[in-house]
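Here is my_file_9.cif, consisting of mmCIF, C-alpha atoms and all ligand atoms:
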```cif
data_start
#
loop_
_atom_site.label_atom_id
_atom_site.label_comp_id
_atom_site.auth_asym_id
_atom_site.auth_seq_id
_atom_site.Cartn_x
_atom_site.Cartn_y
_atom_site.Cartn_z
CA MET A 1 53.27 100.18 112.19
CA LEU A 2 54.46 102.39 114.99
CA ILE A 3 57.28 100.08 116.11
CA LYS A 4 59.35 97.64 114.05
CA ARG A 5 60.96 95.46 116.67
CA CYS A 6 59.87 95.51 120.27
CA ALA A 7 61.12 93.60 123.32
CA ILE A 8 58.92 93.13 126.36
CA ILE A 9 60.86 92.05 129.41
CA GLY A 10 58.44 90.52 131.88
CA VAL A 11 55.28 89.14 130.27
CA GLY A 12 53.11 89.02 133.39
CA LEU A 13 49.89 90.94 133.90
CA ILE A 14 51.06 94.31 132.56
CA GLY A 15 53.73 93.18 130.05
CA GLY A 16 51.39 90.47 128.76
CA SER A 17 48.53 92.95 128.40
CA MET A 18 50.86 95.33 126.61
CA GLY A 19 51.86 92.58 124.16
CA LEU A 20 48.24 91.64 123.50
CA ALA A 21 47.27 95.30 123.00
CA LEU A 22 50.18 95.94 120.60
CA VAL A 23 49.40 92.84 118.54
CA GLU A 24 45.64 93.41 118.48
CA ARG A 25 46.12 96.96 117.22
CA LYS A 26 48.97 96.03 114.87
CA LEU A 27 51.32 98.52 116.49
CA ALA A 28 54.49 96.41 116.44
CA GLU A 29 55.82 94.27 113.59
CA HIS A 30 57.70 91.85 115.80
CA ILE A 31 57.65 91.40 119.58
CA CYS A 32 60.21 89.37 121.54
CA GLY A 33 59.16 88.31 125.01
CA VAL A 34 61.63 87.67 127.81
CA ASP A 35 60.75 86.27 131.20
CA VAL A 36 62.45 84.33 133.97
CA ASN A 37 59.13 82.56 134.52
CA GLN A 38 58.74 79.94 131.76
CA ASP A 39 55.01 79.49 132.42
CA ASN A 40 54.27 83.16 131.79
CA LEU A 41 56.50 83.15 128.71
CA SER A 42 54.84 80.04 127.25
CA MET A 43 51.35 81.43 127.92
CA ALA A 44 52.26 84.77 126.32
CA LEU A 45 53.61 83.01 123.24
CA ALA A 46 50.61 80.69 122.96
CA ALA A 47 48.18 83.63 123.32
CA GLY A 48 50.02 85.59 120.63
CA ALA A 49 51.07 88.40 122.98
CA VAL A 50 54.64 87.98 121.70
CA HIS A 51 55.86 86.59 118.38
CA GLN A 52 58.94 84.99 119.85
CA ALA A 53 60.19 83.86 123.23
CA ALA A 54 63.78 85.01 123.43
CA ALA A 55 66.73 85.17 125.76
CA MET A 56 68.16 88.43 126.97
CA PRO A 57 70.92 89.68 124.65
CA GLU A 58 69.12 88.74 121.37
CA ALA A 59 65.76 90.17 122.42
CA VAL A 60 67.21 93.52 123.34
CA SER A 61 69.96 93.91 120.74
CA GLY A 62 67.54 94.03 117.81
CA ALA A 63 64.85 96.10 119.47
CA ASP A 64 63.75 99.62 118.57
CA LEU A 65 61.65 99.75 121.73
CA VAL A 66 62.28 97.90 124.99
CA ILE A 67 59.46 97.74 127.53
CA LEU A 68 60.45 96.78 131.07
CA ALA A 69 57.39 95.23 132.72
CA VAL A 70 58.95 93.66 135.80
CA PRO A 71 58.76 94.60 139.50
CA VAL A 72 60.54 97.93 140.10
CA GLY A 73 63.50 96.33 141.91
CA ALA A 74 64.20 94.06 138.94
CA ALA A 75 63.78 96.97 136.51
CA GLN A 76 66.73 98.76 138.09
CA HIS A 77 68.99 95.71 137.70
CA LEU A 78 67.80 95.18 134.13
CA LEU A 79 68.67 98.74 133.14
CA THR A 80 72.28 98.03 134.09
CA GLU A 81 72.19 94.71 132.25
CA ILE A 82 70.60 95.84 128.98
CA LYS A 83 72.62 99.02 128.40
CA GLN A 84 75.44 97.07 126.75
CA TYR A 85 73.11 95.37 124.26
CA LEU A 86 70.88 98.24 123.15
CA LYS A 87 71.18 99.33 119.55
CA PRO A 88 71.85 103.03 118.93
CA GLY A 89 68.65 105.06 119.02
CA ALA A 90 66.61 102.39 120.81
CA VAL A 91 63.95 103.74 123.16
CA VAL A 92 63.42 102.19 126.59
CA THR A 93 60.33 102.58 128.74
CA ASP A 94 58.96 100.88 131.86
CA VAL A 95 55.59 100.37 133.53
CA GLY A 96 56.69 100.44 137.17
CA SER A 97 54.52 101.84 139.95
CA THR A 98 57.28 104.10 141.32
CA LYS A 99 59.40 106.39 139.23
CA GLU A 100 62.11 108.40 140.96
CA GLN A 101 64.62 105.59 141.55
CA VAL A 102 64.08 103.93 138.18
CA VAL A 103 64.35 107.21 136.27
CA ARG A 104 67.54 108.08 138.17
CA GLN A 105 69.03 104.68 137.37
CA ALA A 106 67.99 105.02 133.71
CA GLY A 107 69.78 108.38 133.54
CA LYS A 108 73.01 106.54 134.37
CA CYS A 109 72.42 103.61 131.98
CA ILE A 110 70.47 104.78 128.93
CA SER A 111 72.30 107.35 126.83
CA GLY A 112 70.74 110.27 124.97
CA GLY A 113 67.73 110.58 127.28
CA ARG A 114 66.01 107.74 125.48
CA PHE A 115 64.40 106.31 128.61
CA VAL A 116 60.82 107.39 129.21
CA GLY A 117 59.32 106.44 132.55
CA GLY A 118 55.74 105.17 132.34
CA HIS A 119 53.03 103.93 134.70
CA PRO A 120 49.62 102.68 133.61
CA MET A 121 47.04 103.56 136.27
CA THR A 122 45.19 100.36 135.73
CA GLY A 123 45.70 96.79 136.77
CA ALA A 124 44.42 94.16 139.11
CA GLU A 125 45.32 92.19 142.21
CA THR A 126 46.15 89.16 140.05
CA ALA A 127 49.74 88.54 138.98
CA GLY A 128 50.99 86.69 135.93
CA PHE A 129 50.05 86.38 132.28
CA SER A 130 46.82 84.53 133.03
CA GLY A 131 45.17 87.85 133.95
CA ALA A 132 46.47 89.69 130.87
CA ASP A 133 43.91 91.64 128.87
CA PRO A 134 44.37 93.48 125.54
CA TYR A 135 41.85 96.14 126.65
CA LEU A 136 43.37 96.76 130.08
CA PHE A 137 44.67 100.19 129.08
CA GLU A 138 41.54 101.46 127.35
CA ASN A 139 40.38 104.78 128.85
CA ALA A 140 42.88 104.39 131.67
CA PHE A 141 45.30 107.08 132.67
CA TYR A 142 48.89 106.35 131.79
CA LEU A 143 51.43 108.54 133.56
CA LEU A 144 54.66 109.48 131.78
CA THR A 145 57.49 111.03 133.77
CA PRO A 146 59.90 112.82 131.44
CA THR A 147 62.74 114.91 132.83
CA PRO A 148 64.55 117.85 131.20
CA GLU A 149 67.06 115.27 129.88
CA THR A 150 64.43 113.15 128.10
CA ASP A 151 64.81 113.05 124.33
CA THR A 152 61.74 114.64 122.72
CA CYS A 153 61.51 112.00 119.95
CA ALA A 154 61.66 109.17 122.49
CA LEU A 155 58.94 110.86 124.52
CA GLU A 156 56.80 111.29 121.41
CA THR A 157 57.23 107.61 120.48
CA VAL A 158 56.05 106.44 123.91
CA ARG A 159 53.25 109.03 123.97
CA ARG A 160 51.92 107.79 120.64
CA LEU A 161 52.21 104.17 121.71
CA VAL A 162 50.28 104.78 124.92
CA GLN A 163 47.55 106.69 123.07
CA ALA A 164 47.38 103.95 120.45
CA ILE A 165 46.59 101.30 123.06
CA GLY A 166 43.65 103.43 124.17
CA ALA A 167 45.10 105.08 127.26
CA VAL A 168 45.11 108.74 128.23
CA VAL A 169 48.56 110.26 128.69
CA MET A 170 49.32 112.48 131.64
CA GLU A 171 52.79 113.86 132.23
CA MET A 172 54.46 114.80 135.49
CA SER A 173 57.91 114.74 137.05
CA PRO A 174 59.09 111.50 138.70
CA GLN A 175 59.03 113.29 142.08
CA GLU A 176 55.46 114.49 141.65
CA HIS A 177 54.47 111.03 140.45
CA ASP A 178 55.85 109.33 143.56
CA LEU A 179 54.15 111.81 145.87
CA VAL A 180 50.76 111.46 144.18
CA THR A 181 50.89 107.67 143.95
CA ALA A 182 52.06 107.41 147.58
CA ALA A 183 48.79 109.12 148.54
CA ILE A 184 46.31 107.47 146.20
CA SER A 185 47.80 104.02 145.65
CA HIS A 186 50.60 103.07 148.04
CA LEU A 187 49.00 104.34 151.28
CA PRO A 188 45.71 102.55 150.46
CA HIS A 189 47.66 99.34 149.89
CA PHE A 190 49.56 99.81 153.15
CA MET A 191 46.27 100.29 154.99
CA ALA A 192 44.57 97.33 153.28
CA VAL A 193 47.44 95.05 154.29
CA SER A 194 47.39 96.39 157.86
CA LEU A 195 43.64 95.95 158.09
CA VAL A 196 43.81 92.32 156.97
CA THR A 197 46.72 91.68 159.36
CA ALA A 198 44.91 93.29 162.31
CA VAL A 199 41.68 91.40 161.79
CA ALA A 200 43.54 88.11 161.27
CA GLU A 201 45.37 88.72 164.58
CA MET A 202 42.11 89.37 166.37
CA ALA A 203 41.49 85.68 165.74
CA VAL A 204 37.76 86.08 165.35
CA GLY A 205 37.66 82.71 163.67
CA GLU A 206 36.97 81.34 160.23
CA GLN A 207 33.24 81.76 160.64
CA ALA A 208 33.53 85.47 161.39
CA MET A 209 35.85 85.92 158.40
CA ALA A 210 33.24 84.25 156.22
CA LEU A 211 30.78 86.91 157.38
CA ALA A 212 33.07 89.67 156.14
CA ALA A 213 30.69 91.85 154.23
CA GLY A 214 31.05 94.75 151.81
CA GLY A 215 33.10 97.05 154.02
CA PHE A 216 35.89 94.60 154.75
CA ARG A 217 35.93 93.30 151.21
CA ASP A 218 35.89 96.77 149.60
CA THR A 219 38.68 98.10 151.76
CA THR A 220 40.95 95.04 151.48
CA ARG A 221 40.61 93.79 147.87
CA ILE A 222 44.01 95.17 146.91
CA ALA A 223 45.75 93.38 149.81
CA ALA A 224 45.57 90.21 147.69
CA GLY A 225 48.10 91.78 145.28
CA SER A 226 51.53 90.32 144.47
CA PRO A 227 53.72 90.52 147.62
CA SER A 228 56.99 90.87 145.69
CA MET A 229 55.59 93.62 143.50
CA TRP A 230 54.34 95.58 146.51
CA ARG A 231 57.57 94.99 148.48
CA ASP A 232 59.44 96.70 145.66
CA ILE A 233 56.91 99.54 145.46
CA PHE A 234 57.12 100.31 149.18
CA MET A 235 60.90 99.97 149.34
CA SER A 236 61.45 102.23 146.35
CA ASN A 237 59.05 104.93 147.55
CA SER A 238 59.62 104.70 151.30
CA GLU A 239 60.14 108.43 151.84
CA GLN A 240 56.80 109.46 150.32
CA VAL A 241 54.90 106.52 151.82
CA LEU A 242 56.25 107.37 155.28
CA LYS A 243 55.13 110.99 154.80
CA ALA A 244 51.66 109.82 153.79
CA LEU A 245 51.56 107.56 156.85
CA GLU A 246 52.10 110.54 159.14
CA TYR A 247 48.86 112.05 157.82
CA MET A 248 47.15 108.70 158.20
CA ARG A 249 48.29 108.31 161.78
CA SER A 250 47.21 111.82 162.67
CA ALA A 251 43.75 111.22 161.18
CA MET A 252 43.41 107.95 163.09
CA ASP A 253 44.60 109.58 166.32
CA ARG A 254 41.93 112.28 166.06
CA LEU A 255 39.21 109.72 165.47
CA GLU A 256 40.52 107.56 168.30
CA ALA A 257 40.62 110.54 170.68
CA ALA A 258 36.99 111.38 169.90
CA LEU A 259 36.06 107.77 170.65
CA ARG A 260 38.00 107.61 173.92
CA ARG A 261 36.51 110.87 175.13
CA GLN A 262 33.06 109.84 173.96
CA ASP A 263 33.10 113.20 172.14
CA VAL A 264 29.96 112.74 170.04
CA GLU A 265 30.25 116.14 168.38
CA LYS A 266 33.86 115.65 167.33
CA MET A 267 33.10 112.15 166.09
CA MET A 268 30.15 113.44 164.07
CA HIS A 269 32.30 116.19 162.59
CA ILE A 270 35.03 113.76 161.47
CA LEU A 271 32.57 111.25 160.02
CA SER A 272 30.57 113.94 158.23
CA SER A 273 33.62 115.62 156.66
CA ALA A 274 34.94 112.29 155.41
CA SER A 275 31.54 111.31 154.07
CA THR A 276 31.27 114.62 152.18
CA VAL A 277 34.74 114.25 150.66
CA ARG A 278 34.13 110.62 149.67
CA LYS A 279 30.74 111.36 148.10
CA LYS A 280 32.26 114.13 146.03
CA LEU A 281 34.90 111.78 144.66
CA PRO A 282 33.82 111.15 141.11
CA LEU A 283 34.63 107.77 139.65
CA ARG A 284 36.90 109.69 137.34
CA PRO A 285 37.52 113.25 138.48
CA LYS A 286 36.89 115.93 135.87
CA GLY A 287 40.02 117.39 134.39
CA TYR A 288 42.16 114.58 135.78
CA LEU A 289 40.54 111.46 134.43
CA PRO A 290 38.01 111.42 131.59
CA TYR A 291 34.63 112.06 133.23
CA ILE A 292 32.10 109.25 133.17
CA PHE A 293 28.35 109.81 133.10
CA GLU A 294 26.76 107.08 135.15
CA ILE A 295 23.42 105.60 135.91
CA VAL A 296 22.54 102.97 138.50
CA VAL A 297 19.99 100.37 137.43
CA SER A 298 18.04 98.13 139.83
CA VAL A 299 17.52 94.69 138.38
CA PRO A 300 16.45 91.23 139.51
CA ASP A 301 19.27 88.74 140.14
CA ARG A 302 18.72 86.46 137.14
CA PRO A 303 21.00 85.10 134.44
CA GLY A 304 20.92 87.21 131.30
CA VAL A 305 19.94 90.48 132.98
CA ILE A 306 23.15 92.29 132.04
CA ALA A 307 22.95 90.93 128.49
CA GLY A 308 19.41 92.33 128.28
CA LEU A 309 20.49 95.82 129.38
CA ALA A 310 23.53 95.77 127.11
CA GLY A 311 21.40 94.59 124.20
CA MET A 312 18.92 97.46 124.63
CA LEU A 313 21.74 100.00 124.73
CA GLY A 314 23.49 98.35 121.79
CA GLU A 315 20.36 98.54 119.62
CA GLU A 316 20.20 102.27 120.28
CA GLY A 317 23.90 102.70 119.49
CA ILE A 318 24.71 103.74 123.06
CA ASN A 319 28.21 102.71 124.03
CA ILE A 320 28.95 101.41 127.53
CA VAL A 321 32.37 102.57 128.78
CA GLU A 322 32.11 100.92 132.19
CA ILE A 323 29.81 98.41 133.82
CA GLU A 324 29.92 97.10 137.38
CA ILE A 325 27.69 94.91 139.54
CA LEU A 326 27.35 96.84 142.78
CA ARG A 327 25.21 94.49 144.80
CA ALA A 328 23.67 91.17 143.98
CA ARG A 329 22.17 88.91 146.59
CA GLU A 330 20.68 85.66 145.57
CA GLY A 331 16.95 86.05 145.24
CA TYR A 332 16.96 89.77 146.07
CA GLY A 333 18.15 91.33 142.86
CA GLY A 334 20.81 93.98 142.79
CA THR A 335 22.13 97.10 141.20
CA ILE A 336 24.32 97.68 138.22
CA ARG A 337 26.35 100.78 137.53
CA VAL A 338 26.64 101.66 133.86
CA GLY A 339 29.00 104.40 132.66
CA PHE A 340 28.82 106.43 129.44
CA ALA A 341 31.24 108.85 127.81
CA THR A 342 28.71 111.65 127.26
CA ALA A 343 25.79 113.26 129.10
CA GLY A 344 23.70 112.71 125.96
CA GLU A 345 24.20 108.94 126.12
CA GLN A 346 23.39 109.03 129.85
CA ASP A 347 20.10 110.84 129.09
CA ARG A 348 19.16 108.47 126.29
CA ALA A 349 19.93 105.41 128.44
CA MET A 350 17.73 106.81 131.24
CA GLU A 351 14.85 107.39 128.83
CA LEU A 352 15.29 103.96 127.26
CA PHE A 353 15.22 102.09 130.58
CA GLN A 354 12.42 104.19 132.07
CA ALA A 355 10.26 103.63 128.99
CA ARG A 356 10.64 99.90 129.65
CA GLY A 357 9.78 100.24 133.33
CA ILE A 358 13.32 99.53 134.52
CA LYS A 359 14.15 101.33 137.76
CA CYS A 360 17.18 103.55 137.31
CA ARG A 361 18.69 106.79 138.54
CA ARG A 362 21.45 109.15 137.57
CA LYS A 363 24.54 108.74 139.74
CA VAL A 364 25.95 112.09 140.82
N1 LIG A 401 49.63 94.73 138.81
C1 LIG A 401 49.18 95.94 138.59
O1 LIG A 401 47.99 96.19 138.79
C2 LIG A 401 50.11 97.01 138.10
C3 LIG A 401 51.47 96.82 138.09
N2 LIG A 401 52.30 97.83 137.65
C4 LIG A 401 53.75 97.63 137.61
O2 LIG A 401 54.02 96.78 136.52
C5 LIG A 401 55.16 95.98 136.77
C6 LIG A 401 54.81 94.53 136.50
O3 LIG A 401 53.76 94.14 137.32
P1 LIG A 401 52.79 92.94 136.96
O4 LIG A 401 52.73 92.74 135.50
O5 LIG A 401 51.55 93.16 137.71
O6 LIG A 401 53.57 91.73 137.64
P2 LIG A 401 53.56 90.19 137.22
O7 LIG A 401 54.12 89.45 138.38
O8 LIG A 401 52.25 89.80 136.68
O9 LIG A 401 54.62 90.18 136.02
C7 LIG A 401 55.97 90.46 136.17
C8 LIG A 401 56.75 89.49 135.29
O10 LIG A 401 58.12 89.86 135.31
C9 LIG A 401 58.89 88.68 135.35
N3 LIG A 401 60.22 89.01 135.84
C10 LIG A 401 60.59 89.35 137.10
N4 LIG A 401 61.91 89.60 137.13
C11 LIG A 401 62.39 89.42 135.89
C12 LIG A 401 63.66 89.53 135.29
N5 LIG A 401 64.73 89.90 135.98
N6 LIG A 401 63.77 89.26 133.97
C13 LIG A 401 62.71 88.88 133.23
N7 LIG A 401 61.47 88.76 133.75
C14 LIG A 401 61.32 89.02 135.05
C15 LIG A 401 58.09 87.75 136.24
O11 LIG A 401 58.48 86.41 136.06
C16 LIG A 401 56.67 88.04 135.77
O12 LIG A 401 56.28 87.20 134.72
C17 LIG A 401 55.57 96.27 138.21
O13 LIG A 401 56.66 97.16 138.20
C18 LIG A 401 54.36 96.93 138.82
O14 LIG A 401 54.74 97.84 139.83
C19 LIG A 401 51.80 99.00 137.17
C20 LIG A 401 50.46 99.22 137.14
C21 LIG A 401 49.51 98.26 137.62
O1 LIG A 402 43.68 96.64 141.58
C1 LIG A 402 43.66 97.86 141.68
O2 LIG A 402 42.63 98.50 141.94
C2 LIG A 402 44.88 98.66 141.47
O3 LIG A 402 44.96 99.75 141.96
C3 LIG A 402 45.92 98.05 140.62
C4 LIG A 402 47.17 98.85 140.54
C5 LIG A 402 48.29 98.41 141.22
C6 LIG A 402 49.47 99.10 141.12
C7 LIG A 402 49.53 100.23 140.35
O4 LIG A 402 50.68 100.90 140.26
C8 LIG A 402 48.43 100.69 139.64
C9 LIG A 402 47.24 99.97 139.74
#
```
Can you turn what I pasted into structure tokens?
Ligand SMILES: NC(=O)C1=CN([C@@H]2O[C@H](COP(=O)(O)OP(=O)(O)OC[C@H]3O[C@@H](n4cnc5c(N)ncnc54)[C@H](O)[C@@H]3O)[C@@H](O)[C@H]2O)C=CC1
Ligand SMILES: O=C(O)C(=O)Cc1ccc(O)cc1
Amino acid sequence: MLIKRCAIIGVGLIGGSMGLALVERKLAEHICGVDVNQDNLSMALAAGAVHQAAAMPEAVSGADLVILAVPVGAAQHLLTEIKQYLKPGAVVTDVGSTKEQVVRQAGKCISGGRFVGGHPMTGAETAGFSGADPYLFENAFYLLTPTPETDTCALETVRRLVQAIGAVVMEMSPQEHDLVTAAISHLPHFMAVSLVTAVAEMAVGEQAMALAAGGFRDTTRIAAGSPSMWRDIFMSNSEQVLKALEYMRSAMDRLEAALRRQDVEKMMHILSSASTVRKKLPLRPKGYLPYIFEIVVSVPDRPGVIAGLAGMLGEEGINIVEIEILRAREGYGGTIRVGFATAGEQDRAMELFQARGIKCRRKV
């Protein structure tokens, strides 16, 4: 066992998933769960994500590892609260989406550099334990943000834990973290929220909203995320988000100017450059995220189709690392994206499907 006694404060989507992952992989002997929301706590206990539902001082005072899995605003208050109860040598980590403020606060509260900032780059737009998943972290990037003050043993403990739940560790400073996530996570959320707000204000009616097709859905899925979680993310990373917004505004202004002036050439240039950049964006960029070798399979829209494909691959010992339904319209069939860890598996899957007359292509 990696950890003897662990406390998870906040057993919602991420804390709950962490508990399930630790239990499933037998990484912690005993886990205490703490939550202000009794429903989440009861569900976590019933699902076996925690061994015991506990109240604050007891949960923390016996713990070797404390995981803060609450919105970032609450995490900062909790650091102040728990410092008096921590046993000597205990390691504290968090899962918050912003890092600079929390890491600074931890520096004041947690002695010996035994706080290690963490951020799993995986999740969903659903809040609460009901969405918890023991495999949420598998193959996902998990950012750790040590500082020169971080204790090397504490860092190693968290590193090993993150790897043991199947995630891929990447380390960067809290400042770098907040800049990068402002660009690739917080700005997209800001835009998704603004897009939903704008279209709602256009009052195109319920019927028009029902027509909302791929584009609107794809660009706004994340806007359904937890408002309190995102309030805390924006408020704690306002400086970087505001910087990112300046770039966004400038890009929108240039596109708007081309439209106003009916400047076809300029418009074409902007659209083409964006299209090129977007097409080059791998699902998981090489060197940053583990690369995925994908194929896209065209299939009829019938129950059991995915099971059939998965069965064929399974019989050949080809492991699926990702699978996604890209398009399915009743009666028209659809496409399924299947991802593999190696080029060899991608080749074998192509051969297997083609030999059975299944239409497929390599995704580049
Ligand atoms: N939802 C996502 O996709 C991701 C979220 N995160 C971060 O993970 C953290 C948790 O987010 P989720 O699990 O999604 O939220 P959630 O809403 O599903 O869970 C948070 C839990 O913390 C509890 N809580 C709040 N304040 C508390 C307090 N003072 N004491 C004890 N419990 C308290 C809530 O009752 C809730 O059960 C946030 O900091 C978020 O930024 C990180 C990566 C992905
Ligand atoms: O649902 C999605 O696609 C997400 O991007 C979830 C998410 C939300 C917040 C994070 O800090 C990390 C991941």
Residue contacts of range 7-21 of chain A (6 Å, only C-alpha atoms) excluding same-chain residues fewer than 6 positions away, as a PDB file with C-alpha atoms, keeping the file's coordinate frame:
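The resulting file, around-v5.pdb, is shown below:
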```pdb
ATOM      1  CA  ILE A  31      57.650  91.400 119.580  1.00  0.00           C
ATOM      2  CA  CYS A  32      60.210  89.370 121.540  1.00  0.00           C
ATOM      3  CA  GLY A  33      59.160  88.310 125.010  1.00  0.00           C
ATOM      4  CA  VAL A  34      61.630  87.670 127.810  1.00  0.00           C
ATOM      5  CA  ASP A  35      60.750  86.270 131.200  1.00  0.00           C
ATOM      6  CA  ALA A  49      51.070  88.400 122.980  1.00  0.00           C
ATOM      7  CA  VAL A  50      54.640  87.980 121.700  1.00  0.00           C
ATOM      8  CA  ALA A  59      65.760  90.170 122.420  1.00  0.00           C
ATOM      9  CA  ALA A  63      64.850  96.100 119.470  1.00  0.00           C
ATOM     10  CA  VAL A  66      62.280  97.900 124.990  1.00  0.00           C
ATOM     11  CA  ILE A  67      59.460  97.740 127.530  1.00  0.00           C
ATOM     12  CA  LEU A  68      60.450  96.780 131.070  1.00  0.00           C
ATOM     13  CA  ALA A  69      57.390  95.230 132.720  1.00  0.00           C
ATOM     14  CA  VAL A  70      58.950  93.660 135.800  1.00  0.00           C
ATOM     15  CA  ALA A 127      49.740  88.540 138.980  1.00  0.00           C
ATOM     16  CA  GLY A 128      50.990  86.690 135.930  1.00  0.00           C
ATOM     17  CA  PHE A 129      50.050  86.380 132.280  1.00  0.00           C
ATOM     18  CA  GLY A 131      45.170  87.850 133.950  1.00  0.00           C
ATOM     19  CA  ALA A 132      46.470  89.690 130.870  1.00  0.00           C
ATOM     20  CA  ASP A 133      43.910  91.640 128.870  1.00  0.00           C
ATOM     21  CA  PRO A 134      44.370  93.480 125.540  1.00  0.00           C
TER      22      PRO A 134
END
```
Write out as lines of an AutoDock Vina configuration file an axis-aligned box for ligand LIG 401 (chain A): all of its atoms listed in the file, 6 Å added on each side, centre and edge lengths in Å with one decimal.
```
center_x = 56.4
center_y = 92.8
center_z = 136.5
size_x = 28.7
size_y = 24.8
size_z = 18.6
```
Exercise. Do you have the CA of Met170 in chain A-CA of Phe141 in chain A distance handy?
Worked result: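 Between these atoms lies a distance of 6.8 Å.
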Exercise. Given the choices A:Leu27, A:Ala224, A:Ala90, A:Val116, which gets closest to ligand LIG 402 (chain A) if the distance is worked out from all atoms listed in the file?
Worked result: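 Nearest to ligand LIG 402 (chain A): A:Ala224.
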For this session: Dump as a ChimeraX atom specification all residues having an atom at most 6 Å from (28.5, 110.5, 131.3), computed in the file's coordinates with all atoms listed in the file.
Result: /A:292-294,340-343,346
Cut-off 6 Å: closest chain A/ligand LIG 402 (chain A) atom pairs per residue, using only C-alpha atoms and all ligand atoms, as a tab-separated table:
```
residue	atom	partner	partner_atom	distance
A:Ser97	CA	A:LIG402	O4	4.0
A:Met121	CA	A:LIG402	C8	4.6
A:Thr122	CA	A:LIG402	C9	4.5
A:Gly123	CA	A:LIG402	C3	4.1
A:Ala124	CA	A:LIG402	O1	3.6
A:Glu125	CA	A:LIG402	O1	4.8
A:Ile222	CA	A:LIG402	O1	5.5
```
Exercise. Counting only C-alpha atoms and all ligand atoms, which of A:Ile233, A:Ala258, A:Leu187, A:Val92 gets nearest to ligand LIG 401 (chain A)?
Worked result: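 Comparing A:Ile233, A:Ala258, A:Leu187, A:Val92 against ligand LIG 401 (chain A), the winner is A:Ile233.
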Exercise. Smallest atom-to-atom distance to ligand LIG 401 (chain A): which of A:Asn139, A:Asn40, A:Gln240, A:Gln354, using only C-alpha atoms and all ligand atoms?
Worked result: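 Ranked by minimum distance to ligand LIG 401 (chain A), first place goes to A:Asn40.
Minimum atom-to-atom distance to ligand LIG 401 (chain A), evaluated using all atoms listed in the file, belongs to A:Lys99 out of A:Lys99, A:His30, A:Arg278, A:Lys363.
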Problem set entry | Nearby residues (only C-alpha atoms) at most 12 Å from Thr157 in chain A, same-chain spacing under 2 positions excluded, as a list in words | Met1, Leu2, Ile3, Leu27, Asp64, Leu65, Val66, Gly89, Ala90, Val91, Val92, Thr93, Arg114, Phe115, Val116, Leu144, Thr150, Asp151, Thr152, Cys153, Ala154, Leu155, Arg159, Arg160, Leu161, Val162, Gln163 and Ala164 of chain A
